[in-house]
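Colleague: Let me begin by handing over the structure; questions about it come next.
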Amino acid sequence: MSGRQQQYSLFGGDYLADVTPLLKAAMSASIKDTDLSIDQTADRMQALAERSGLRINRNAKRLSKETLEKWINPNDTTHIPSLNAIQAFVLALGDPRPLAVLAEACGMHVITEEQARLLKAAEIDAEIARLKAQKKRLGAP
């Protein structure tokens, strides 16, 4: 191994960024911006998990307020929510910010269904314009 150090870009590349503090900060912001208490959020998440037949807390049958508080604390590096827990959190609060953190670390974005519909319509419009220009070049009426 050479002694040369490499500087990595925050935007893309073939390495992993530690998204855990950012994910937890996004979850914390989501909690602060909701009208639900920590207890109510944990209850909603638990209800979603039970309806789905999934476990969101690997260490217990029920999600406690204390565990959720650890999951949303950016300074707690030992308690990390599972993927199912993140999904339950996003669905319980209707806030995609935690998913956006993960997507952006991979160079992608999270968009709503309405944004996806508008994007698809814009892509269709661009394709129509491209085909009209192609038709015109062919001299077709």
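Ligands are numbered from 1 in the order shown, chains are lettered A, B, ... in the order of the structure tokens, and residues start at 1 in each chain.
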As a ChimeraX atom specification, please: every residue in chain A that a backbone DSSP assignment puts in alpha helix (DSSP H).

Modeller: /A:20-32,38-52,65-71,83-93,97-105,113-137

Colleague: Could you state the separation of CA of Arg97 in chain A and CA of Asp35 in chain A in Å, given to one decimal place?

Modeller: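 Interatomic distance, CA of Arg97 in chain A to CA of Asp35 in chain A: 16.3 Å.
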
Colleague: Using only C-alpha atoms, which protein or nucleic acid residues come within 9 Å of range 84-96 of chain A? Drop anything in the same chain fewer than 4 positions from it, and give the result as number ranges by chain.

Modeller: A: 27, 30-31, 34, 36, 41-42, 44-46, 48-49, 54-57, 100-101, 110-112

Colleague: Please write the residues from the selection above to a file, keeping N, CA and C atoms, as a PDB file, in the first residue's frame.

Modeller:
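New file selection_25.pdb:
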ATOM      1  N   MET A  27     -34.373  11.774  11.265  1.00  0.00           N
ATOM      2  CA  MET A  27     -35.451  11.186  12.064  1.00  0.00           C
ATOM      3  C   MET A  27     -35.819  12.116  13.220  1.00  0.00           C
ATOM      4  N   SER A  30     -37.830  14.965  11.921  1.00  0.00           N
ATOM      5  CA  SER A  30     -39.193  14.515  11.615  1.00  0.00           C
ATOM      6  C   SER A  30     -40.049  14.479  12.871  1.00  0.00           C
ATOM      7  N   ILE A  31     -39.471  13.976  13.950  1.00  0.00           N
ATOM      8  CA  ILE A  31     -40.190  13.914  15.234  1.00  0.00           C
ATOM      9  C   ILE A  31     -40.522  15.324  15.720  1.00  0.00           C
ATOM     10  N   THR A  34     -43.516  16.954  13.850  1.00  0.00           N
ATOM     11  CA  THR A  34     -44.836  16.313  13.874  1.00  0.00           C
ATOM     12  C   THR A  34     -45.603  16.730  15.125  1.00  0.00           C
ATOM     13  N   LEU A  36     -47.184  14.491  16.754  1.00  0.00           N
ATOM     14  CA  LEU A  36     -47.196  13.269  17.556  1.00  0.00           C
ATOM     15  C   LEU A  36     -46.086  13.292  18.599  1.00  0.00           C
ATOM     16  N   THR A  41     -45.654   8.068  18.252  1.00  0.00           N
ATOM     17  CA  THR A  41     -44.896   7.619  17.082  1.00  0.00           C
ATOM     18  C   THR A  41     -44.503   6.156  17.245  1.00  0.00           C
ATOM     19  N   ALA A  42     -43.997   5.795  18.415  1.00  0.00           N
ATOM     20  CA  ALA A  42     -43.627   4.398  18.670  1.00  0.00           C
ATOM     21  C   ALA A  42     -44.844   3.487  18.539  1.00  0.00           C
ATOM     22  N   ARG A  44     -47.555   3.998  16.700  1.00  0.00           N
ATOM     23  CA  ARG A  44     -47.902   3.887  15.264  1.00  0.00           C
ATOM     24  C   ARG A  44     -46.957   2.930  14.549  1.00  0.00           C
ATOM     25  N   MET A  45     -45.684   3.061  14.851  1.00  0.00           N
ATOM     26  CA  MET A  45     -44.704   2.177  14.226  1.00  0.00           C
ATOM     27  C   MET A  45     -44.968   0.728  14.605  1.00  0.00           C
ATOM     28  N   GLN A  46     -45.255   0.508  15.885  1.00  0.00           N
ATOM     29  CA  GLN A  46     -45.528  -0.845  16.357  1.00  0.00           C
ATOM     30  C   GLN A  46     -46.778  -1.413  15.694  1.00  0.00           C
ATOM     31  N   LEU A  48     -48.018  -0.642  12.757  1.00  0.00           N
ATOM     32  CA  LEU A  48     -47.662  -0.968  11.375  1.00  0.00           C
ATOM     33  C   LEU A  48     -46.909  -2.295  11.305  1.00  0.00           C
ATOM     34  N   ALA A  49     -45.980  -2.475  12.200  1.00  0.00           N
ATOM     35  CA  ALA A  49     -45.190  -3.710  12.219  1.00  0.00           C
ATOM     36  C   ALA A  49     -46.077  -4.921  12.504  1.00  0.00           C
ATOM     37  N   LEU A  54     -44.175  -8.029  10.943  1.00  0.00           N
ATOM     38  CA  LEU A  54     -42.732  -7.799  11.012  1.00  0.00           C
ATOM     39  C   LEU A  54     -42.331  -7.309  12.392  1.00  0.00           C
ATOM     40  N   ARG A  55     -41.091  -7.525  12.702  1.00  0.00           N
ATOM     41  CA  ARG A  55     -40.525  -7.029  13.957  1.00  0.00           C
ATOM     42  C   ARG A  55     -39.606  -5.867  13.613  1.00  0.00           C
ATOM     43  N   ILE A  56     -39.815  -4.720  14.241  1.00  0.00           N
ATOM     44  CA  ILE A  56     -38.968  -3.569  13.940  1.00  0.00           C
ATOM     45  C   ILE A  56     -37.872  -3.356  14.976  1.00  0.00           C
ATOM     46  N   ASN A  57     -38.011  -4.005  16.121  1.00  0.00           N
ATOM     47  CA  ASN A  57     -36.981  -3.923  17.155  1.00  0.00           C
ATOM     48  C   ASN A  57     -36.439  -5.332  17.352  1.00  0.00           C
ATOM     49  N   ALA A 100     -34.630  10.120   2.255  1.00  0.00           N
ATOM     50  CA  ALA A 100     -33.885  11.043   1.403  1.00  0.00           C
ATOM     51  C   ALA A 100     -32.401  11.038   1.762  1.00  0.00           C
ATOM     52  N   VAL A 101     -32.083  10.942   3.037  1.00  0.00           N
ATOM     53  CA  VAL A 101     -30.680  10.887   3.466  1.00  0.00           C
ATOM     54  C   VAL A 101     -30.002   9.673   2.849  1.00  0.00           C
ATOM     55  N   VAL A 110     -35.388  11.128  -3.406  1.00  0.00           N
ATOM     56  CA  VAL A 110     -36.715  10.608  -3.109  1.00  0.00           C
ATOM     57  C   VAL A 110     -37.716  11.632  -3.629  1.00  0.00           C
ATOM     58  N   ILE A 111     -38.697  11.154  -4.384  1.00  0.00           N
ATOM     59  CA  ILE A 111     -39.734  12.050  -4.875  1.00  0.00           C
ATOM     60  C   ILE A 111     -41.103  11.462  -4.551  1.00  0.00           C
ATOM     61  N   THR A 112     -42.095  12.334  -4.501  1.00  0.00           N
ATOM     62  CA  THR A 112     -43.457  11.899  -4.211  1.00  0.00           C
ATOM     63  C   THR A 112     -44.080  11.291  -5.467  1.00  0.00           C
TER      64      THR A 112
END

Colleague: Mind pulling up the distance from CA of Asp76 in chain A to CA of Lys32 in chain A?

Modeller: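 For CA of Lys32 in chain A relative to CA of Asp76 in chain A, the distance reads 17.5 Å.
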
Colleague: Can you work out the spacing between CA of Glu66 in chain A and CA of Ile38 in chain A in Å, to one decimal?

Modeller: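 CA of Glu66 in chain A sits 9.0 Å away from CA of Ile38 in chain A.
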
Colleague: Using only C-alpha atoms, find the one residue out of A:Ala17, A:Thr67, A:Pro141, A:Leu119 that sits nearest to Cys106 in chain A.

Modeller: A:Ala17
